[in-house]
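The block underneath contains the structure these notes are about, expressed in structure tokens.
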Amino acid sequence: MSLTRWKENRRLVERVRQSIDEGRISHAYLIEGDTCVDKLGFAKAISCRVAPGEGCDTCADCRKIDHDNCEDLYRVEADELSVKDDMIEKLQADLARKPLGVRNMAIIADADTMTVRAQNRLLKTLEEPPADVVLVLLGRTRESVLPTILSRCQVV
């Protein structure tokens with residue numbers, strides 16, 4: 001689903017579109033709340049060349065994201081209870097590779113369940129992000145996320 005279909009969060013859509021139009025995509029976003037159901041709309045909005053800032057759902061980039069075969073998109077999800085340190089370590093190794101397209105993207109679902117150790121590991125990536133990387137952290141609430149992580153993300 002393209003980002004424009006997020007009717008319940010027009011502010012996010014406009015913010016992303018404006019950032020892309022101005023060439024100011026942040027290296028890290030924390031999207032908080034129930035709009036996290038569509039984990040891929042944000043990635044499509046960032047990478048789509050047909051409808052930048054929205055995602056067209058039909059171009060090769062959008063279809064690769066939909067079919068889970070985009071070489072530059074990495075996903076981390078909680079296993080049972082939380083996102084663990086070893087998951088973030090693997091993500092960091094993946095993000096260190098040169099992207100095949102414009103940029104590497106990572107979606108960390110359940111970011112509010114990250115262990116403290118995982119958050120501290122992620123902090124290094126947020127402080128010194130590899131070139132052309134966008135991290136999207138999705139969670140229901142920011143209360144469980146360390147203040148040092150929050151301070152390095154655009155919170156929506």
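Just so we're on the same page: first chain in the structure tokens is A, next is B, and so on; residues restart at 1 for each chain, and ligands are numbered from 1 in the order they show up.
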Would you mind listing what lies within 8 Å of Val134 of chain A as a VMD selection string, with only C-alpha atoms counted and same-chain residues fewer than 3 positions away left out? chain A and resid 25 to 29 103 to 106
Got a sec: who's within 8 Å of Thr115 of chain A, counting only C-alpha atoms, leaving out chain neighbours fewer than 4 positions off, as a ChimeraX atom specification? /A:82-85,119
Selection file, N, CA, C and O atoms, as a PDB file, in the first residue's frame:
```pdb
ATOM      1  N   SER A  82      10.781  -9.761  21.961  1.00  0.00           N
ATOM      2  CA  SER A  82      11.533  -8.521  21.783  1.00  0.00           C
ATOM      3  C   SER A  82      12.484  -8.601  20.592  1.00  0.00           C
ATOM      4  O   SER A  82      12.748  -9.660  20.051  1.00  0.00           O
ATOM      5  N   VAL A  83      12.989  -7.417  20.232  1.00  0.00           N
ATOM      6  CA  VAL A  83      14.050  -7.314  19.239  1.00  0.00           C
ATOM      7  C   VAL A  83      15.348  -7.407  20.027  1.00  0.00           C
ATOM      8  O   VAL A  83      15.600  -6.621  20.933  1.00  0.00           O
ATOM      9  N   LYS A  84      16.167  -8.373  19.650  1.00  0.00           N
ATOM     10  CA  LYS A  84      17.368  -8.680  20.422  1.00  0.00           C
ATOM     11  C   LYS A  84      18.631  -8.084  19.795  1.00  0.00           C
ATOM     12  O   LYS A  84      18.660  -7.683  18.640  1.00  0.00           O
ATOM     13  N   ASP A  85      19.683  -8.073  20.601  1.00  0.00           N
ATOM     14  CA  ASP A  85      20.972  -7.513  20.227  1.00  0.00           C
ATOM     15  C   ASP A  85      21.535  -8.153  18.959  1.00  0.00           C
ATOM     16  O   ASP A  85      22.041  -7.455  18.074  1.00  0.00           O
ATOM     17  N   GLN A 119      19.165  -1.610  21.844  1.00  0.00           N
ATOM     18  CA  GLN A 119      19.060  -0.165  21.630  1.00  0.00           C
ATOM     19  C   GLN A 119      20.431   0.494  21.700  1.00  0.00           C
ATOM     20  O   GLN A 119      20.745   1.379  20.900  1.00  0.00           O
TER      21      GLN A 119
END
```
Point-to-point distance in Å for atom CA of Thr148 of chain A and atom CA of Val76 of chain A: 20.0 Å
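Checking A:Ala131, A:Glu77, A:Asp86, A:Glu54 one by one against Arg10 of chain A, counting only C-alpha atoms, you find the shortest gap at A:Glu54.
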Write out as a PDB file with C-alpha atoms, in the first residue's frame which residues come within 8 Å of segment 120-128 of chain A when counting only C-alpha atoms, dropping same-chain ones fewer than 2 positions away.
```
ATOM      1  CA  HIS A  27      18.578   8.982   8.417  1.00  0.00           C
ATOM      2  CA  ALA A  28      16.160   7.795  11.109  1.00  0.00           C
ATOM      3  CA  ASP A  85      20.972  -7.513  20.227  1.00  0.00           C
ATOM      4  CA  ILE A  88      20.581  -5.414  15.395  1.00  0.00           C
ATOM      5  CA  GLU A  89      24.140  -6.686  14.945  1.00  0.00           C
ATOM      6  CA  GLN A  92      24.364  -3.322  11.041  1.00  0.00           C
ATOM      7  CA  VAL A 116      18.336  -2.156  26.210  1.00  0.00           C
ATOM      8  CA  ARG A 117      21.402  -3.890  24.800  1.00  0.00           C
ATOM      9  CA  ALA A 118      19.902  -3.854  21.289  1.00  0.00           C
ATOM     10  CA  PRO A 130      26.438   4.699   6.897  1.00  0.00           C
ATOM     11  CA  THR A 148      19.307   8.722  23.299  1.00  0.00           C
ATOM     12  CA  ILE A 149      17.548   6.838  20.484  1.00  0.00           C
ATOM     13  CA  ARG A 152      18.500  10.889  17.007  1.00  0.00           C
ATOM     14  CA  CYS A 153      15.218  10.099  15.240  1.00  0.00           C
TER      15      CYS A 153
END
```
I need the residues of chain A that end up classed as alpha helix (DSSP H) by DSSP on the backbone, written out as a ChimeraX atom specification. /A:10-21,41-47,60-66,85-95,116-127,147-150
Write out as a ChimeraX atom specification all residues of chain A that DSSP puts in strand (DSSP E) for this structure's backbone. /A:28-32,73-76,104-108,133-139,154-155
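If you measure from each of A:Ile20, A:Leu30, A:Cys56, A:Ile107 to Gly139 of chain A using only C-alpha atoms, the closest one turns out to be A:Leu30.
Atom to atom, atom CA of Glu71 of chain A and atom CA of Val156 of chain A stand 26.3 Å apart.
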For a quick check of understanding, using only C-alpha atoms, which of A:Ala45, A:Cys62, A:Val145, A:Leu40 has the smallest distance to Val13 of chain A? A:Ala45
Mind checking which residues fall within 12 Å of Glu143 of chain A, counting only C-alpha atoms, ignoring those fewer than 3 positions away in the same chain, and posting them as number ranges by chain? A: 30, 32-33, 111-114, 139-140, 146-147, 149-150
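One finds atom CA of Ile108 of chain A at 5.9 Å from atom CA of Arg75 of chain A.
Ranking A:Ala109, A:Ile31, A:Cys70, A:Leu138 by their shortest atom-to-atom distance to Cys48 of chain A, with only C-alpha atoms included, puts A:Cys70 first.
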